[in-house]
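Colleague: Below is the file work.cif, with mmCIF, C-alpha atoms.
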```
data_coords
#
loop_
_atom_site.label_atom_id
_atom_site.label_comp_id
_atom_site.auth_asym_id
_atom_site.auth_seq_id
_atom_site.Cartn_x
_atom_site.Cartn_y
_atom_site.Cartn_z
CA MET A 1 -21.99 54.20 15.33
CA SER A 2 -22.37 53.45 11.63
CA SER A 3 -19.26 55.49 10.95
CA PHE A 4 -17.28 53.39 13.43
CA GLY A 5 -18.60 50.18 11.89
CA GLY A 6 -17.69 51.37 8.43
CA SER A 7 -14.15 52.11 9.59
CA VAL A 8 -13.78 48.61 11.04
CA ASP A 9 -15.16 47.03 7.87
CA SER A 10 -12.71 49.01 5.75
CA GLN A 11 -9.83 47.87 7.95
CA VAL A 12 -10.91 44.22 7.74
CA ASN A 13 -11.38 44.43 3.98
CA GLY A 14 -7.96 45.99 3.65
CA GLU A 15 -6.40 43.14 5.63
CA ILE A 16 -8.20 40.61 3.45
CA ASP A 17 -7.01 42.31 0.28
CA ASP A 18 -3.46 42.28 1.61
CA GLY A 19 -3.79 38.53 2.13
CA VAL A 20 -4.47 37.87 -1.56
CA PRO A 21 -1.14 37.25 -3.33
CA ASN A 22 -0.21 39.12 -6.47
CA ALA A 23 -0.49 37.02 -9.62
CA ILE A 24 2.69 38.67 -10.91
CA ASP A 25 5.45 38.91 -8.31
CA PRO A 26 9.03 38.43 -9.55
CA PHE A 27 10.32 38.13 -5.99
CA ALA A 28 7.96 35.26 -4.97
CA LEU A 29 10.39 32.39 -5.54
CA SER A 30 9.79 30.07 -2.59
CA LEU A 31 6.77 27.90 -3.49
CA ASN A 32 7.52 26.80 -7.06
CA GLU A 33 4.42 28.53 -8.37
CA ASN A 34 3.89 29.24 -12.03
CA PRO A 35 5.03 32.85 -12.63
CA TYR A 36 2.20 33.45 -15.09
CA PRO A 37 -1.46 34.17 -14.23
CA PRO A 38 -4.17 31.80 -15.49
CA LEU A 39 -4.46 31.40 -19.24
CA PRO A 40 -7.15 33.67 -20.76
CA ALA A 41 -9.45 30.73 -21.49
CA VAL A 42 -9.09 29.46 -17.92
CA ARG A 43 -9.79 32.91 -16.52
CA ALA A 44 -12.93 33.18 -18.65
CA ALA A 45 -14.11 29.75 -17.48
CA LEU A 46 -13.59 30.71 -13.84
CA ILE A 47 -15.53 33.93 -14.30
CA ARG A 48 -18.43 31.95 -15.81
CA SER A 49 -18.44 29.60 -12.82
CA ILE A 50 -19.19 32.45 -10.41
CA ASP A 51 -22.81 32.57 -11.57
CA ALA A 52 -23.39 29.06 -10.18
CA ALA A 53 -21.51 29.52 -6.89
CA ASN A 54 -24.79 29.02 -4.99
CA ARG A 55 -24.92 25.40 -6.23
CA TYR A 56 -23.02 22.40 -4.95
CA PRO A 57 -20.50 20.65 -7.19
CA GLU A 58 -20.92 16.98 -8.07
CA PHE A 59 -21.45 14.71 -5.09
CA GLN A 60 -18.55 12.65 -6.41
CA PRO A 61 -16.42 14.32 -9.12
CA GLU A 62 -17.09 11.73 -11.82
CA ARG A 63 -16.99 14.23 -14.71
CA LEU A 64 -13.62 15.62 -13.67
CA ARG A 65 -12.38 12.08 -13.20
CA GLY A 66 -13.49 11.15 -16.70
CA LEU A 67 -12.04 14.32 -18.22
CA ILE A 68 -8.58 13.67 -16.77
CA ALA A 69 -8.71 9.97 -17.65
CA GLY A 70 -9.58 10.73 -21.26
CA HIS A 71 -6.79 13.28 -21.55
CA ILE A 72 -4.04 11.02 -20.23
CA GLY A 73 -5.39 7.86 -21.87
CA MET A 74 -6.24 5.74 -18.85
CA PRO A 75 -9.54 4.23 -17.68
CA ALA A 76 -11.55 6.45 -15.34
CA ASP A 77 -11.59 3.76 -12.65
CA GLN A 78 -7.82 4.19 -12.32
CA VAL A 79 -8.03 7.92 -11.55
CA VAL A 80 -8.63 9.46 -8.12
CA LEU A 81 -8.85 13.12 -7.12
CA GLY A 82 -7.79 15.29 -4.21
CA ALA A 83 -7.17 18.82 -3.01
CA GLY A 84 -3.84 19.17 -4.78
CA ALA A 85 -1.23 16.42 -4.78
CA THR A 86 -1.10 16.73 -0.99
CA GLY A 87 -4.79 15.89 -0.80
CA VAL A 88 -4.24 12.70 -2.80
CA VAL A 89 -1.33 11.72 -0.53
CA MET A 90 -3.48 12.37 2.53
CA GLU A 91 -6.24 10.16 1.13
CA ALA A 92 -3.69 7.41 0.47
CA LEU A 93 -2.40 7.54 4.04
CA GLN A 94 -5.96 7.41 5.35
CA ALA A 95 -6.73 4.44 3.13
CA PHE A 96 -3.60 2.34 3.57
CA THR A 97 -2.07 3.11 6.98
CA ALA A 98 -2.87 3.02 10.66
CA PRO A 99 -1.33 5.14 13.42
CA GLY A 100 2.09 3.81 14.31
CA ASP A 101 2.84 2.45 10.83
CA CYS A 102 6.11 3.39 9.17
CA ILE A 103 6.48 5.65 6.13
CA ALA A 104 9.80 6.03 4.31
CA MET A 105 10.96 9.04 2.33
CA ALA A 106 14.09 10.90 1.27
CA SER A 107 15.61 13.78 3.21
CA PRO A 108 15.23 16.55 2.32
CA THR A 109 11.93 16.16 0.51
CA PHE A 110 8.74 18.06 -0.24
CA ASP A 111 7.71 19.81 2.98
CA GLY A 112 4.17 18.45 2.80
CA HIS A 113 5.10 14.78 3.03
CA PRO A 114 6.39 14.73 6.63
CA ILE A 115 3.52 17.02 7.63
CA VAL A 116 0.77 14.72 6.37
CA ALA A 117 2.66 11.74 7.79
CA GLN A 118 2.56 13.41 11.20
CA MET A 119 -1.15 14.14 10.76
CA ALA A 120 -1.70 10.43 10.08
CA ARG A 121 0.42 9.64 13.18
CA LEU A 122 2.98 7.63 11.24
CA ASN A 123 6.60 7.01 12.11
CA VAL A 124 8.81 8.66 9.50
CA VAL A 125 12.06 7.00 8.40
CA THR A 126 14.26 9.12 6.15
CA VAL A 127 17.05 8.22 3.74
CA PRO A 128 19.52 11.03 2.87
CA LEU A 129 20.01 12.10 -0.72
CA ASP A 130 23.42 11.59 -2.26
CA GLU A 131 25.85 14.50 -2.66
CA TYR A 132 24.37 15.39 -6.07
CA GLY A 133 20.80 15.60 -4.80
CA HIS A 134 19.62 12.23 -6.12
CA ASN A 135 17.47 9.72 -4.30
CA ASN A 136 19.23 6.75 -2.74
CA LEU A 137 16.80 4.25 -4.23
CA ASP A 138 18.68 1.25 -2.82
CA GLY A 139 18.42 2.74 0.66
CA LEU A 140 14.72 3.51 0.21
CA ALA A 141 14.08 -0.04 -1.02
CA GLU A 142 15.76 -1.46 2.07
CA VAL A 143 13.66 0.56 4.53
CA ALA A 144 10.54 -0.05 2.42
CA ALA A 145 10.69 -3.68 3.53
CA HIS A 146 9.61 -2.48 6.98
CA ALA A 147 7.34 0.38 5.89
CA ARG A 148 3.68 0.53 4.99
CA VAL A 149 4.28 3.39 2.52
CA VAL A 150 7.34 4.72 0.71
CA VAL A 151 7.39 8.09 -1.08
CA VAL A 152 9.58 8.95 -4.07
CA CYS A 153 9.52 12.32 -5.87
CA ARG A 154 10.38 12.38 -9.57
CA PRO A 155 11.62 15.01 -10.27
CA HIS A 156 12.76 15.26 -6.70
CA ASN A 157 11.75 18.20 -4.56
CA PRO A 158 13.79 20.22 -3.57
CA THR A 159 16.70 19.25 -5.83
CA GLY A 160 14.88 18.74 -9.14
CA THR A 161 16.96 15.66 -9.96
CA LEU A 162 15.53 12.86 -12.05
CA GLU A 163 16.19 9.17 -11.53
CA PRO A 164 16.43 7.17 -14.79
CA SER A 165 13.38 5.10 -15.71
CA SER A 166 15.36 1.86 -15.42
CA GLU A 167 16.34 2.69 -11.83
CA ILE A 168 12.72 3.45 -10.91
CA VAL A 169 11.63 0.09 -12.31
CA ARG A 170 14.44 -1.66 -10.45
CA PHE A 171 13.42 0.11 -7.24
CA LEU A 172 9.75 -0.84 -7.65
CA SER A 173 10.77 -4.45 -8.25
CA ARG A 174 12.54 -4.51 -4.88
CA VAL A 175 9.68 -3.02 -2.86
CA PRO A 176 7.38 -5.61 -1.23
CA ARG A 177 3.93 -5.78 -2.84
CA ASP A 178 2.23 -5.01 0.48
CA THR A 179 4.11 -1.69 0.70
CA VAL A 180 2.36 1.15 -1.14
CA VAL A 181 4.65 3.34 -3.27
CA LEU A 182 3.63 6.97 -3.75
CA LEU A 183 5.42 8.33 -6.81
CA ASP A 184 5.12 12.11 -6.64
CA GLU A 185 5.16 13.57 -10.16
CA ALA A 186 4.08 17.10 -9.26
CA TYR A 187 6.56 18.58 -11.77
CA ILE A 188 6.35 16.00 -14.54
CA GLU A 189 5.21 18.49 -17.20
CA PHE A 190 8.63 20.21 -16.96
CA VAL A 191 10.42 16.93 -17.77
CA ALA A 192 11.42 16.22 -21.36
CA PRO A 193 8.86 13.77 -22.85
CA GLU A 194 11.51 11.16 -23.64
CA LEU A 195 12.48 11.02 -19.94
CA ARG A 196 8.97 10.43 -18.62
CA LEU A 197 7.73 7.08 -17.39
CA ASP A 198 5.03 5.03 -19.09
CA ILE A 199 2.61 5.31 -16.19
CA SER A 200 -0.11 3.10 -17.67
CA ALA A 201 2.35 0.23 -18.09
CA LEU A 202 3.94 0.89 -14.72
CA VAL A 203 0.73 0.71 -12.65
CA ALA A 204 -0.25 -2.42 -14.57
CA ARG A 205 3.06 -4.05 -13.64
CA PHE A 206 3.18 -2.77 -10.04
CA PRO A 207 -0.29 -2.89 -8.42
CA ASN A 208 1.08 -1.27 -5.23
CA LEU A 209 1.97 1.98 -7.06
CA VAL A 210 0.09 5.28 -6.83
CA VAL A 211 1.30 8.08 -9.10
CA VAL A 212 0.44 11.55 -7.78
CA ARG A 213 0.12 14.66 -9.95
CA THR A 214 -1.19 18.19 -9.64
CA PHE A 215 -2.53 21.17 -11.59
CA SER A 216 -0.72 23.55 -9.22
CA LYS A 217 2.63 23.80 -11.00
CA ALA A 218 2.80 23.69 -14.81
CA TYR A 219 -0.93 24.42 -15.14
CA GLY A 220 -0.69 27.41 -12.80
CA LEU A 221 -3.80 26.55 -10.76
CA ALA A 222 -2.26 26.34 -7.28
CA GLY A 223 -5.06 28.39 -5.73
CA LEU A 224 -7.74 25.95 -6.94
CA ARG A 225 -6.23 22.86 -5.25
CA ILE A 226 -6.67 20.21 -7.93
CA GLY A 227 -4.65 17.01 -7.75
CA TYR A 228 -5.07 13.48 -9.01
CA GLY A 229 -3.65 10.02 -8.58
CA LEU A 230 -3.22 7.10 -10.97
CA ALA A 231 -3.25 3.53 -9.74
CA SER A 232 -4.38 -0.02 -10.44
CA PRO A 233 -8.17 -0.50 -10.43
CA ALA A 234 -8.05 -2.21 -7.02
CA LEU A 235 -5.94 0.47 -5.37
CA ALA A 236 -7.91 3.27 -7.02
CA ARG A 237 -11.18 1.72 -5.84
CA THR A 238 -9.96 1.83 -2.25
CA LEU A 239 -8.78 5.41 -2.66
CA TRP A 240 -12.07 6.49 -4.25
CA GLU A 241 -13.86 5.31 -1.10
CA HIS A 242 -12.00 8.10 0.72
CA GLN A 243 -13.13 10.76 -1.74
CA PRO A 244 -15.10 13.28 0.39
CA PRO A 245 -18.58 14.20 -0.88
CA TYR A 246 -18.71 17.53 -2.72
CA GLY A 247 -14.93 17.55 -2.26
CA MET A 248 -13.91 19.12 -5.58
CA ALA A 249 -15.19 22.62 -6.36
CA SER A 250 -17.17 23.26 -9.54
CA THR A 251 -14.35 25.53 -10.67
CA SER A 252 -12.07 22.48 -10.91
CA LEU A 253 -13.94 20.90 -13.80
CA LEU A 254 -14.17 24.13 -15.78
CA ALA A 255 -10.54 25.11 -15.15
CA VAL A 256 -9.15 21.71 -16.15
CA ALA A 257 -11.31 21.55 -19.27
CA ALA A 258 -10.20 25.03 -20.33
CA SER A 259 -6.56 24.17 -19.62
CA TYR A 260 -6.73 21.09 -21.81
CA GLU A 261 -8.34 23.07 -24.63
CA ALA A 262 -5.57 25.69 -24.42
CA GLU A 263 -2.74 23.17 -24.16
CA ASP A 264 -0.69 24.76 -26.96
CA GLN A 265 -0.50 27.98 -24.92
CA LEU A 266 0.32 25.98 -21.80
CA LEU A 267 3.16 24.17 -23.54
CA GLN A 268 4.57 27.49 -24.70
CA ARG A 269 4.67 28.70 -21.10
CA ILE A 270 6.40 25.49 -20.04
CA ARG A 271 9.02 26.03 -22.76
CA LEU A 272 9.60 29.57 -21.52
CA ILE A 273 10.09 28.36 -17.94
CA THR A 274 12.45 25.52 -18.86
CA ALA A 275 14.46 27.86 -21.11
CA GLU A 276 14.75 30.33 -18.23
CA ARG A 277 15.85 27.48 -15.96
CA ARG A 278 18.66 26.60 -18.36
CA TYR A 279 19.70 30.24 -18.61
CA LEU A 280 19.77 30.67 -14.83
CA ARG A 281 21.83 27.53 -14.39
CA MET A 282 24.26 28.61 -17.10
CA ARG A 283 24.73 32.02 -15.48
CA LEU A 284 25.18 30.54 -12.02
CA SER A 285 27.70 28.05 -13.39
CA ALA A 286 29.64 30.93 -14.93
CA MET A 287 29.75 32.43 -11.43
CA ARG A 288 31.12 29.08 -10.16
CA VAL A 289 27.96 28.34 -8.20
CA TYR A 290 27.04 24.66 -8.24
CA THR A 291 23.39 23.74 -8.83
CA CYS A 292 21.77 20.33 -9.08
CA ASP A 293 20.70 19.11 -12.51
CA ALA A 294 17.06 20.18 -12.14
CA HIS A 295 14.18 18.97 -14.33
CA ALA A 296 11.47 21.09 -12.72
CA ASN A 297 10.60 24.79 -12.41
CA PHE A 298 13.19 25.49 -9.74
CA MET A 299 16.92 25.35 -9.02
CA TYR A 300 18.59 23.91 -5.93
CA LEU A 301 21.77 25.38 -4.49
CA PRO A 302 23.49 23.02 -2.03
CA SER A 303 25.27 24.76 0.82
CA ARG A 304 28.73 23.29 0.19
CA GLY A 305 30.19 25.30 3.04
CA ARG A 306 28.12 28.40 2.31
CA SER A 307 24.94 29.66 3.95
CA TRP A 308 22.54 30.86 1.26
CA ARG A 309 20.35 32.27 4.00
CA GLU A 310 22.93 35.00 4.53
CA VAL A 311 23.22 35.62 0.80
CA PHE A 312 19.50 36.19 0.28
CA ALA A 313 18.87 38.06 3.52
CA ASP A 314 17.68 41.63 2.96
CA THR A 315 17.42 41.17 -0.81
CA GLY A 316 13.61 41.17 -0.91
CA LEU A 317 13.68 37.77 -2.61
CA HIS A 318 11.51 35.05 -1.08
CA VAL A 319 13.32 31.75 -1.67
CA ARG A 320 13.06 28.45 0.20
CA LEU A 321 15.92 28.22 2.67
CA TYR A 322 16.98 25.03 4.49
CA ASP A 323 18.59 24.49 7.86
CA ASP A 324 21.78 23.10 6.30
CA GLY A 325 22.34 26.38 4.44
CA SER A 326 21.01 25.23 1.05
CA ALA A 327 18.34 27.02 -0.97
CA ARG A 328 15.67 26.25 -3.54
CA ILE A 329 14.77 29.00 -6.01
CA THR A 330 11.67 28.99 -8.17
CA VAL A 331 12.30 29.82 -11.82
CA GLY A 332 10.37 32.92 -12.84
CA GLY A 333 10.79 35.35 -15.69
CA ARG A 334 13.91 37.27 -16.63
CA GLU A 335 13.32 39.91 -13.94
CA SER A 336 13.36 37.17 -11.30
CA THR A 337 16.50 35.66 -12.79
CA MET A 338 18.37 38.95 -12.78
CA ALA A 339 17.37 39.59 -9.16
CA VAL A 340 18.75 36.18 -8.16
CA LEU A 341 21.97 36.75 -10.09
CA SER A 342 22.38 40.17 -8.52
CA ALA A 343 22.06 38.69 -5.02
CA VAL A 344 24.48 35.86 -5.75
CA GLY A 345 26.87 38.31 -7.40
CA GLN A 346 27.42 40.04 -4.07
CA LEU A 347 29.53 37.02 -3.09
CA ARG A 348 32.31 38.06 -5.42
#
```
Can you give me the file's structure in the form of structure tokens?
Modeller:
Amino acid sequence: MSSFGGSVDSQVNGEIDDGVPNAIDPFALSLNENPYPPLPAVRAALIRSIDAANRYPEFQPERLRGLIAGHIGMPADQVVLGAGATGVVMEALQAFTAPGDCIAMASPTFDGHPIVAQMARLNVVTVPLDEYGHNNLDGLAEVAAHARVVVVCRPHNPTGTLEPSSEIVRFLSRVPRDTVVLLDEAYIEFVAPELRLDISALVARFPNLVVVRTFSKAYGLAGLRIGYGLASPALARTLWEHQPPYGMASTSLLAVAASYEAEDQLLQRIRLITAERRYLRMRLSAMRVYTCDAHANFMYLPSRGRSWREVFADTGLHVRLYDDGSARITVGGRESTMAVLSAVGQLR
């Protein structure tokens, strides 16, 4: 009997082990994950946290809130937290909408936005991107007049395009003050500093704005689910009321603190990824493959009469494929790049 039980346990453990993704996988190019494992200092901090796994985290994550606020230079009462950027968006929909309200967003957009909108029982109104993968901000501003929430990604997901700061300000000026704007900046660390928005000034000028960020992408902590939002004190106060008790694991505080302390190493990794993005785009352009002007850790290949699903089938590469035939490819290391180029090269 014990032998049988041991066999079952081994099978279950094997299945569990198979469910844990590999930290290094050059073919995992569908979720825009960081291709590098946690920084050594972050790994050491996470190992230390195991000893206190029998204890609850903070009832409300005030220390993590203060840590992030101090790092970005904003008051703590303007910072809110969530389980990844998606968790912050979900909290915002819980706080500011009721079933049947309207939410506006681009199409295509980050897969999570329509999902959480459906969970909140909202009516989704979409505005198509233009032919170059940019947001139609005028169109979004028009539908925002009848929406409770409007979502804008900058850089946009899945195209990686970046709307100029002046156009974002113009868009925000057109949105009614009783419509909440969720500005998704999940990939902002990959954007050149001179192209980033002054968020502190922006939330001061537009009290209906919530800026959403995450530690899942550039920081490489997708498995820990750490996101945060930045907003006016009034909006942040309402959002904080929807912060679940014990909602942020103890590992979050330690991982973020270690990441900030090792920021030079983090920035080096970001430079490597953005350099690889430029190289991949250059090589694809040489092969006469059009890609959007991406400012994130991925490239977007519009269909333009071609089905990328057929191109990447049976290649072993896991890329994000869309119904219209387009594809989004996470930027990895050189091995990933060469695998993508090899698959695309079969077109010739």
Colleague: Neighbours of Arg225 (chain A) within 12 Å (all atoms listed in the file; same-chain residues fewer than 5 positions away dropped), as a list in words?
Modeller: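 The contact residues come out as Leu81, Gly82, Ala83, Gly84, Ala85, Thr86, Gly87, Val88, Arg213, Thr214, Phe215, Ser216, Lys217, Tyr219, Gly220, Gly247, Met248, Ala249, Ser250, Thr251, Ser252, Leu253, Ala255 and Val256 of chain A.
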Colleague: With the PyMOL selection byres ((chain A and resi 129) around 10) as the selection, what would be picked from this file? Answer as a compact mmCIF listing (two decimals) with C-alpha atoms, in the coordinates of the input, please.
Modeller:
```
# COMPACT_ATOMS: atom_id res chain seq x y z
CA ALA A 106 14.09 10.90 1.27
CA SER A 107 15.61 13.78 3.21
CA PRO A 108 15.23 16.55 2.32
CA THR A 109 11.93 16.16 0.51
CA THR A 126 14.26 9.12 6.15
CA VAL A 127 17.05 8.22 3.74
CA PRO A 128 19.52 11.03 2.87
CA ASP A 130 23.42 11.59 -2.26
CA GLU A 131 25.85 14.50 -2.66
CA TYR A 132 24.37 15.39 -6.07
CA GLY A 133 20.80 15.60 -4.80
CA HIS A 134 19.62 12.23 -6.12
CA ASN A 135 17.47 9.72 -4.30
CA ASN A 136 19.23 6.75 -2.74
CA LEU A 137 16.80 4.25 -4.23
CA GLY A 139 18.42 2.74 0.66
CA HIS A 156 12.76 15.26 -6.70
CA THR A 159 16.70 19.25 -5.83
```
Colleague: For Phe171 (chain A), which residue out of A:Ala141, A:Leu46, A:Val152, A:Met119 is the nearest one, using all atoms listed in the file?
Modeller: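 Closest residue, counting all atoms listed in the file: A:Ala141.
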Colleague: Near Arg43 (chain A), within 10 Å and counting all atoms listed in the file, which residues show up once chain neighbours fewer than 6 positions away are dropped, as a list in words?
Modeller: Pro37, Ser49, Leu254, Ala255, Ala258 and Ser259 of chain A
Colleague: Evaluate the PyMOL selection byres ((chain A and resi 296) around 9) here and jot the selected residues down as a VMD selection string.
Modeller: chain A and resid 32 155 to 157 159 to 161 187 to 191 274 277 294 to 295 297 to 299 331
Colleague: I'd like the contact shell of Pro26 (chain A) - 8 Å cut-off, only C-alpha atoms, skipping same-chain residues fewer than 2 positions apart - returned as a list in words.
Modeller: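 The neighbour list is Ile24, Ala28, Leu29, Pro35, Gly332, Gly333, Glu335 and Ser336 of chain A.
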